[in-house]
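Engineer: Sending over a structure as structure tokens; questions will come in a sec.
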Amino acid sequence: MTSYKDLGLVNTKEMFAKAVKGGYAIPAFNFNTMEQMQAIVQAAVETKSPVIMQVSKGARNYANGTILRYMAQGAVEYAKELGCAKPQIVLHLDHGDSFELCKDCIDNGFSSVMIDGSALPYEENIALTKKVVDYAHQHDVTVEAELGVLAGVEDEVASEVSHYTKPEEVIDFAKRSGCDSLAISIGTSHGAYKFKPEQCTRDPKTGKLVPPPLAFDVLHAIEEKLPGFPIVLHGSSSVPQDEVDTINKFGGKLPDAVGIPEEQLREASKSAVCKINIDSDSRLAMTAAIRKYMAENPGHFDPRQYLKPARENMKKMYIHKIVNVLGSNDKL
Ligand code: G3H
Ligand code: 13P
Ligand code: ZN
């Protein structure tokens, strides 16, 4: 058993309480590689922001769970080396899909886990979440649960049943599951294609897609039911069009990639939304920088040469999110 406390990590409890009170959101950035980890830490230290470093099941398969855990421990030490006396870094399991996976993470240095039972029937989601909570809380690890299905507005239109989180269920769910935070569905979705062109309008000047707004009415109804309870938004990449354009200019093919407009995330950050998940924007920033570098320097083959601008570009994006979108800067 390795406790996250011995690694210098923190859980989300105090961080979320401050964020909800202060009207800002904590960035939750996914990482799979050393360069992402370095860029996240540099951005968090430079902006004096708490940060959640999250690891998906896919990341564990790609990089190895043990290595990622040591990288998170390294992140704490690196933050100190960069001048942050008391880093506030959470190591979080993103989209845990079983009690066993959550337990394994808790036993191996994670300070927070998500148990994603959102695809299960309501009672089964509660039962699974409660089982994880009961174990996690014995070790002072915080638990994120999910209620509602992340899919996007298409399902709202096409389906008889709403996939948005039902505000009338959240009190019962939070109470009976004992979760510390709740991921909700209000129209965000994963990846770089969050909406189909037919769900959007087009900006006549740029030809770019303009997505439909998030369901703020659902968010506000949930806030009313659970005042001050930490709410989480998954699928919150904005899919920056300059990065998409760079990728497409240098040989990529991402037609009509579209994300969540940053003004809407800025608005959400001021509410009970206190954790915002961003992964795809980091992938885009990395890929855009590498594609550009490769195209401009065809004779180079040392990975450090192209990973350096990739890391710089991700860091720039992380700083932008922290300062201009989530407002978590100057909180340490
Ligand atoms: O929510 C999904 C995250 O973007 C992680 O994606 O499972 O491909 O690592 P992944
Ligand atoms: P994006 O694909 O929008 O970056 O969402 C990431 C996420 O929700 C990770 O859990
Ligand atoms: Zn997610």
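Ordered as shown in the structure tokens, chains take letters A, B, and onward, while each chain numbers its residues from 1 and ligands are numbered from 1 in the order shown.
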Would you pick out the contacts of Lys321 of chain A at 12 Å or less, using only C-alpha atoms, so that residues sharing its chain but fewer than 3 positions from it are not included, and give the list as a PyMOL selection string?
Structural biologist: chain A and resi 24-29+40+43-44+47+49+51+236-238+240+261-263+265-266+269+276-279+281-282+314-318+324-329
Engineer: For those residues, write N, CA, C and O atoms to a file as a short mmCIF file (atom, residue, chain, number, x, y, z; two decimals), in the first residue's frame.
Structural biologist:
data_model
loop_
_atom_site.label_atom_id
_atom_site.label_comp_id
_atom_site.auth_asym_id
_atom_site.auth_seq_id
_atom_site.Cartn_x
_atom_site.Cartn_y
_atom_site.Cartn_z
N TYR A 24 -14.18 29.68 -9.29
CA TYR A 24 -13.26 29.27 -10.36
C TYR A 24 -13.26 27.74 -10.43
O TYR A 24 -13.90 27.08 -9.60
N ALA A 25 -12.59 27.20 -11.44
CA ALA A 25 -12.55 25.73 -11.59
C ALA A 25 -11.10 25.26 -11.62
O ALA A 25 -10.21 25.96 -12.09
N ILE A 26 -10.90 24.05 -11.10
CA ILE A 26 -9.56 23.44 -11.11
C ILE A 26 -9.36 22.74 -12.46
O ILE A 26 -10.24 21.97 -12.88
N PRO A 27 -8.21 22.97 -13.10
CA PRO A 27 -7.97 22.25 -14.36
C PRO A 27 -7.66 20.78 -14.09
O PRO A 27 -6.88 20.46 -13.20
N ALA A 28 -8.28 19.91 -14.86
CA ALA A 28 -7.97 18.48 -14.80
C ALA A 28 -7.43 18.10 -16.17
O ALA A 28 -8.19 17.99 -17.14
N PHE A 29 -6.11 17.99 -16.23
CA PHE A 29 -5.44 17.70 -17.50
C PHE A 29 -5.03 16.23 -17.54
O PHE A 29 -4.37 15.74 -16.61
N ILE A 40 2.41 20.48 -17.86
CA ILE A 40 1.36 20.72 -16.87
C ILE A 40 1.97 21.35 -15.61
O ILE A 40 1.47 22.34 -15.08
N ALA A 43 3.22 24.92 -16.20
CA ALA A 43 2.09 25.85 -16.30
C ALA A 43 1.48 26.12 -14.92
O ALA A 43 1.18 27.27 -14.57
N ALA A 44 1.31 25.06 -14.14
CA ALA A 44 0.68 25.22 -12.82
C ALA A 44 1.57 26.05 -11.90
O ALA A 44 1.08 26.93 -11.18
N THR A 47 1.68 29.81 -12.96
CA THR A 47 0.43 30.55 -12.73
C THR A 47 -0.04 30.44 -11.28
O THR A 47 -1.09 30.96 -10.94
N SER A 49 -1.25 27.78 -9.73
CA SER A 49 -2.56 27.13 -9.78
C SER A 49 -2.50 25.72 -9.18
O SER A 49 -1.53 24.99 -9.42
N VAL A 51 -3.67 21.87 -9.45
CA VAL A 51 -3.92 21.15 -10.70
C VAL A 51 -4.24 19.68 -10.43
O VAL A 51 -3.73 19.10 -9.47
N SER A 236 -14.45 18.86 -22.06
CA SER A 236 -14.49 20.33 -22.10
C SER A 236 -13.36 20.95 -22.91
O SER A 236 -12.98 22.09 -22.67
N SER A 237 -12.82 20.21 -23.84
CA SER A 237 -11.85 20.83 -24.74
C SER A 237 -12.57 21.79 -25.68
O SER A 237 -13.73 21.57 -26.05
N SER A 238 -11.84 22.83 -26.05
CA SER A 238 -12.45 23.84 -26.93
C SER A 238 -12.07 23.64 -28.39
O SER A 238 -12.58 24.33 -29.26
N PRO A 240 -9.18 24.32 -30.22
CA PRO A 240 -8.74 25.61 -30.78
C PRO A 240 -8.55 25.53 -32.29
O PRO A 240 -7.83 24.66 -32.79
N PRO A 261 -17.08 26.29 -26.79
CA PRO A 261 -16.53 27.65 -26.77
C PRO A 261 -16.05 28.05 -25.37
O PRO A 261 -16.70 27.75 -24.37
N GLU A 262 -14.89 28.72 -25.33
CA GLU A 262 -14.29 29.02 -24.03
C GLU A 262 -15.14 29.95 -23.18
O GLU A 262 -15.11 29.86 -21.95
N GLU A 263 -15.92 30.84 -23.81
CA GLU A 263 -16.75 31.75 -22.98
C GLU A 263 -17.74 30.94 -22.14
O GLU A 263 -18.06 31.30 -21.01
N LEU A 265 -17.27 27.90 -20.99
CA LEU A 265 -16.53 27.24 -19.89
C LEU A 265 -16.17 28.26 -18.81
O LEU A 265 -16.18 27.95 -17.62
N ARG A 266 -15.89 29.49 -19.27
CA ARG A 266 -15.61 30.58 -18.31
C ARG A 266 -16.84 30.81 -17.45
O ARG A 266 -16.75 30.95 -16.23
N SER A 269 -17.28 27.94 -15.01
CA SER A 269 -16.28 27.95 -13.93
C SER A 269 -16.73 28.82 -12.76
O SER A 269 -16.31 28.60 -11.62
N ILE A 276 -12.75 20.96 -14.46
CA ILE A 276 -13.01 20.94 -15.90
C ILE A 276 -11.95 20.08 -16.58
O ILE A 276 -10.75 20.32 -16.42
N ASN A 277 -12.42 19.06 -17.29
CA ASN A 277 -11.51 18.06 -17.88
C ASN A 277 -11.09 18.45 -19.29
O ASN A 277 -11.95 18.70 -20.16
N ILE A 278 -9.79 18.46 -19.51
CA ILE A 278 -9.26 18.82 -20.83
C ILE A 278 -8.18 17.82 -21.23
O ILE A 278 -7.17 17.68 -20.54
N ASP A 279 -8.42 17.15 -22.33
CA ASP A 279 -7.45 16.20 -22.87
C ASP A 279 -7.20 16.50 -24.35
O ASP A 279 -6.07 16.71 -24.78
N ASP A 281 -7.48 19.06 -26.23
CA ASP A 281 -6.76 20.29 -26.59
C ASP A 281 -5.25 20.10 -26.46
O ASP A 281 -4.47 20.69 -27.21
N SER A 282 -4.86 19.26 -25.50
CA SER A 282 -3.44 18.97 -25.33
C SER A 282 -2.94 18.12 -26.51
O SER A 282 -1.84 18.34 -27.04
N MET A 314 2.02 22.98 -25.63
CA MET A 314 1.05 22.49 -24.62
C MET A 314 1.07 23.40 -23.40
O MET A 314 0.02 23.74 -22.86
N LYS A 315 2.27 23.79 -22.99
CA LYS A 315 2.38 24.65 -21.81
C LYS A 315 1.62 25.97 -22.04
O LYS A 315 0.89 26.44 -21.17
N LYS A 316 1.79 26.52 -23.24
CA LYS A 316 1.10 27.78 -23.58
C LYS A 316 -0.42 27.58 -23.47
O LYS A 316 -1.15 28.41 -22.92
N MET A 317 -0.90 26.44 -23.97
CA MET A 317 -2.33 26.15 -23.92
C MET A 317 -2.80 25.99 -22.47
O MET A 317 -3.83 26.52 -22.07
N TYR A 318 -2.03 25.24 -21.66
CA TYR A 318 -2.42 25.03 -20.25
C TYR A 318 -2.50 26.37 -19.51
O TYR A 318 -3.45 26.62 -18.76
N ASN A 324 -7.15 32.34 -18.47
CA ASN A 324 -8.22 33.02 -19.21
C ASN A 324 -9.55 32.28 -19.25
O ASN A 324 -10.55 32.83 -19.70
N VAL A 325 -9.57 31.04 -18.83
CA VAL A 325 -10.83 30.28 -18.92
C VAL A 325 -11.30 29.83 -17.53
O VAL A 325 -12.43 30.10 -17.12
N LEU A 326 -10.43 29.14 -16.79
CA LEU A 326 -10.88 28.55 -15.51
C LEU A 326 -10.69 29.48 -14.31
O LEU A 326 -11.39 29.35 -13.31
N GLY A 327 -9.73 30.36 -14.42
CA GLY A 327 -9.49 31.34 -13.34
C GLY A 327 -8.88 30.74 -12.08
O GLY A 327 -9.09 31.24 -10.98
N SER A 328 -8.07 29.69 -12.24
CA SER A 328 -7.49 29.04 -11.05
C SER A 328 -6.08 29.57 -10.73
O SER A 328 -5.41 29.02 -9.86
N ASN A 329 -5.66 30.60 -11.43
CA ASN A 329 -4.34 31.17 -11.18
C ASN A 329 -4.31 31.95 -9.86
O ASN A 329 -5.37 32.41 -9.37
#
Engineer: Can you pull out the residues contacting Pro212 of chain A? Cut-off 9 Å, using only C-alpha atoms, and skip same-chain residues under 4 positions away; I want them as a ChimeraX atom specification.
Structural biologist: /A:153,187,195,199-201,260
Engineer: With N, CA, C and O atoms retained, export the selected residues as a PDB file, in the first residue's frame.
Structural biologist:
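Generated file (out-v1.pdb):
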ATOM      1  N   VAL A 153     -25.865  17.093 -27.936  1.00  0.00           N
ATOM      2  CA  VAL A 153     -27.276  17.431 -28.103  1.00  0.00           C
ATOM      3  C   VAL A 153     -28.010  16.523 -29.073  1.00  0.00           C
ATOM      4  O   VAL A 153     -29.221  16.426 -29.015  1.00  0.00           O
ATOM      5  N   GLY A 187     -24.271  18.617 -22.242  1.00  0.00           N
ATOM      6  CA  GLY A 187     -24.028  18.888 -23.664  1.00  0.00           C
ATOM      7  C   GLY A 187     -22.570  18.828 -24.073  1.00  0.00           C
ATOM      8  O   GLY A 187     -22.256  18.949 -25.259  1.00  0.00           O
ATOM      9  N   PHE A 195     -19.661  18.018 -31.968  1.00  0.00           N
ATOM     10  CA  PHE A 195     -20.973  18.218 -32.588  1.00  0.00           C
ATOM     11  C   PHE A 195     -20.873  17.900 -34.070  1.00  0.00           C
ATOM     12  O   PHE A 195     -19.826  18.115 -34.687  1.00  0.00           O
ATOM     13  N   GLN A 199     -25.737  19.974 -36.374  1.00  0.00           N
ATOM     14  CA  GLN A 199     -26.164  20.479 -35.061  1.00  0.00           C
ATOM     15  C   GLN A 199     -25.705  21.923 -34.855  1.00  0.00           C
ATOM     16  O   GLN A 199     -26.063  22.553 -33.873  1.00  0.00           O
ATOM     17  N   CYS A 200     -24.855  22.408 -35.759  1.00  0.00           N
ATOM     18  CA  CYS A 200     -24.226  23.724 -35.589  1.00  0.00           C
ATOM     19  C   CYS A 200     -24.743  24.686 -36.649  1.00  0.00           C
ATOM     20  O   CYS A 200     -25.391  24.288 -37.611  1.00  0.00           O
ATOM     21  N   THR A 201     -24.399  25.968 -36.441  1.00  0.00           N
ATOM     22  CA  THR A 201     -24.541  26.931 -37.538  1.00  0.00           C
ATOM     23  C   THR A 201     -23.122  27.196 -38.044  1.00  0.00           C
ATOM     24  O   THR A 201     -22.170  26.706 -37.455  1.00  0.00           O
ATOM     25  N   ILE A 260     -16.044  23.019 -27.285  1.00  0.00           N
ATOM     26  CA  ILE A 260     -16.923  23.860 -26.459  1.00  0.00           C
ATOM     27  C   ILE A 260     -16.328  25.270 -26.406  1.00  0.00           C
ATOM     28  O   ILE A 260     -15.173  25.431 -25.991  1.00  0.00           O
TER      29      ILE A 260
END
Engineer: Contacts of segment 62-68 of chain A at 9 Å or less, counting only C-alpha atoms, minus same-chain residues fewer than 4 places along, as a ChimeraX atom specification?
Structural biologist: /A:31-34,55,57-58,72-73,105,108
Engineer: Just write the chosen residues, all heavy atoms, as a PDB file, in the first residue's frame.
Structural biologist:
ATOM      1  N   PHE A  31      -2.745  13.105 -18.744  1.00  0.00           N
ATOM      2  CA  PHE A  31      -1.369  12.964 -19.229  1.00  0.00           C
ATOM      3  C   PHE A  31      -1.025  11.507 -19.488  1.00  0.00           C
ATOM      4  O   PHE A  31      -1.534  10.596 -18.824  1.00  0.00           O
ATOM      5  CB  PHE A  31      -0.360  13.641 -18.288  1.00  0.00           C
ATOM      6  CG  PHE A  31      -0.028  12.861 -17.040  1.00  0.00           C
ATOM      7  CD1 PHE A  31       1.222  12.269 -16.902  1.00  0.00           C
ATOM      8  CD2 PHE A  31      -0.939  12.724 -16.015  1.00  0.00           C
ATOM      9  CE1 PHE A  31       1.548  11.559 -15.753  1.00  0.00           C
ATOM     10  CE2 PHE A  31      -0.628  12.007 -14.867  1.00  0.00           C
ATOM     11  CZ  PHE A  31       0.622  11.425 -14.736  1.00  0.00           C
ATOM     12  N   ASN A  32      -0.206  11.332 -20.499  1.00  0.00           N
ATOM     13  CA  ASN A  32       0.279  10.011 -20.919  1.00  0.00           C
ATOM     14  C   ASN A  32       1.786  10.011 -21.086  1.00  0.00           C
ATOM     15  O   ASN A  32       2.399   8.958 -21.151  1.00  0.00           O
ATOM     16  CB  ASN A  32      -0.307   9.631 -22.293  1.00  0.00           C
ATOM     17  CG  ASN A  32      -1.810   9.450 -22.272  1.00  0.00           C
ATOM     18  OD1 ASN A  32      -2.301   8.333 -22.242  1.00  0.00           O
ATOM     19  ND2 ASN A  32      -2.564  10.537 -22.309  1.00  0.00           N
ATOM     20  N   THR A  33       2.368  11.201 -21.241  1.00  0.00           N
ATOM     21  CA  THR A  33       3.797  11.266 -21.573  1.00  0.00           C
ATOM     22  C   THR A  33       4.534  12.213 -20.637  1.00  0.00           C
ATOM     23  O   THR A  33       3.918  13.062 -19.980  1.00  0.00           O
ATOM     24  CB  THR A  33       4.020  11.797 -23.010  1.00  0.00           C
ATOM     25  OG1 THR A  33       3.745  13.208 -23.023  1.00  0.00           O
ATOM     26  CG2 THR A  33       3.140  11.103 -24.025  1.00  0.00           C
ATOM     27  N   MET A  34       5.846  12.089 -20.620  1.00  0.00           N
ATOM     28  CA  MET A  34       6.674  12.957 -19.781  1.00  0.00           C
ATOM     29  C   MET A  34       6.516  14.417 -20.200  1.00  0.00           C
ATOM     30  O   MET A  34       6.453  15.309 -19.356  1.00  0.00           O
ATOM     31  CB  MET A  34       8.139  12.541 -19.890  1.00  0.00           C
ATOM     32  CG  MET A  34       9.064  13.359 -19.030  1.00  0.00           C
ATOM     33  SD  MET A  34      10.798  12.970 -19.315  1.00  0.00           S
ATOM     34  CE  MET A  34      11.088  13.777 -20.883  1.00  0.00           C
ATOM     35  N   VAL A  55      -5.252  10.314 -15.144  1.00  0.00           N
ATOM     36  CA  VAL A  55      -4.763   9.159 -15.881  1.00  0.00           C
ATOM     37  C   VAL A  55      -5.958   8.281 -16.237  1.00  0.00           C
ATOM     38  O   VAL A  55      -6.712   7.882 -15.359  1.00  0.00           O
ATOM     39  CB  VAL A  55      -3.818   8.367 -14.940  1.00  0.00           C
ATOM     40  CG1 VAL A  55      -3.469   7.030 -15.526  1.00  0.00           C
ATOM     41  CG2 VAL A  55      -2.567   9.170 -14.617  1.00  0.00           C
ATOM     42  N   LYS A  57      -7.695   4.787 -18.101  1.00  0.00           N
ATOM     43  CA  LYS A  57      -7.328   3.378 -18.226  1.00  0.00           C
ATOM     44  C   LYS A  57      -6.414   3.205 -19.445  1.00  0.00           C
ATOM     45  O   LYS A  57      -5.430   2.468 -19.411  1.00  0.00           O
ATOM     46  CB  LYS A  57      -8.627   2.570 -18.416  1.00  0.00           C
ATOM     47  CG  LYS A  57      -8.484   1.104 -18.167  1.00  0.00           C
ATOM     48  CD  LYS A  57      -9.847   0.434 -18.286  1.00  0.00           C
ATOM     49  CE  LYS A  57      -9.720  -1.056 -18.268  1.00  0.00           C
ATOM     50  NZ  LYS A  57     -11.022  -1.733 -18.376  1.00  0.00           N
ATOM     51  N   GLY A  58      -6.737   3.950 -20.516  1.00  0.00           N
ATOM     52  CA  GLY A  58      -5.920   3.890 -21.728  1.00  0.00           C
ATOM     53  C   GLY A  58      -4.502   4.391 -21.468  1.00  0.00           C
ATOM     54  O   GLY A  58      -3.542   3.859 -22.022  1.00  0.00           O
ATOM     55  N   ALA A  72       3.842  11.200 -11.367  1.00  0.00           N
ATOM     56  CA  ALA A  72       3.081  12.162 -10.548  1.00  0.00           C
ATOM     57  C   ALA A  72       3.878  12.538  -9.312  1.00  0.00           C
ATOM     58  O   ALA A  72       3.891  13.700  -8.893  1.00  0.00           O
ATOM     59  CB  ALA A  72       1.732  11.564 -10.165  1.00  0.00           C
ATOM     60  N   GLN A  73       4.557  11.553  -8.738  1.00  0.00           N
ATOM     61  CA  GLN A  73       5.428  11.845  -7.595  1.00  0.00           C
ATOM     62  C   GLN A  73       6.553  12.786  -8.069  1.00  0.00           C
ATOM     63  O   GLN A  73       6.888  13.769  -7.391  1.00  0.00           O
ATOM     64  CB  GLN A  73       6.029  10.544  -7.062  1.00  0.00           C
ATOM     65  CG  GLN A  73       6.849  10.726  -5.803  1.00  0.00           C
ATOM     66  CD  GLN A  73       7.356   9.382  -5.251  1.00  0.00           C
ATOM     67  OE1 GLN A  73       7.092   8.332  -5.834  1.00  0.00           O
ATOM     68  NE2 GLN A  73       8.068   9.436  -4.153  1.00  0.00           N
ATOM     69  N   CYS A 105      -5.742   1.678  -7.830  1.00  0.00           N
ATOM     70  CA  CYS A 105      -5.192   3.041  -7.861  1.00  0.00           C
ATOM     71  C   CYS A 105      -5.056   3.601  -6.444  1.00  0.00           C
ATOM     72  O   CYS A 105      -4.041   4.206  -6.100  1.00  0.00           O
ATOM     73  CB  CYS A 105      -6.071   3.950  -8.718  1.00  0.00           C
ATOM     74  SG  CYS A 105      -5.909   3.581 -10.476  1.00  0.00           S
ATOM     75  N   ASN A 108      -2.198   2.355  -4.682  1.00  0.00           N
ATOM     76  CA  ASN A 108      -0.913   2.666  -5.314  1.00  0.00           C
ATOM     77  C   ASN A 108      -0.693   4.155  -5.546  1.00  0.00           C
ATOM     78  O   ASN A 108      -0.156   4.561  -6.572  1.00  0.00           O
ATOM     79  CB  ASN A 108      -0.790   1.886  -6.627  1.00  0.00           C
ATOM     80  CG  ASN A 108      -0.488   0.430  -6.348  1.00  0.00           C
ATOM     81  OD1 ASN A 108       0.606   0.085  -5.916  1.00  0.00           O
ATOM     82  ND2 ASN A 108      -1.486  -0.424  -6.537  1.00  0.00           N
TER      83      ASN A 108
END
Engineer: Running DSSP on the backbone, which parts of segment 24-230 of chain A land in alpha helix (DSSP H), as number ranges by chain?
Structural biologist: A: 34-47, 57-63, 65-81, 99-107, 122-138, 153-158, 167-177, 216-225
Engineer: Would you compute the distance between atom CA of Tyr193 of chain A and atom CA of Thr287 of chain A? Give it in Å to one decimal.
Structural biologist: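 Result for atom CA of Tyr193 of chain A versus atom CA of Thr287 of chain A: 16.0 Å, one decimal.
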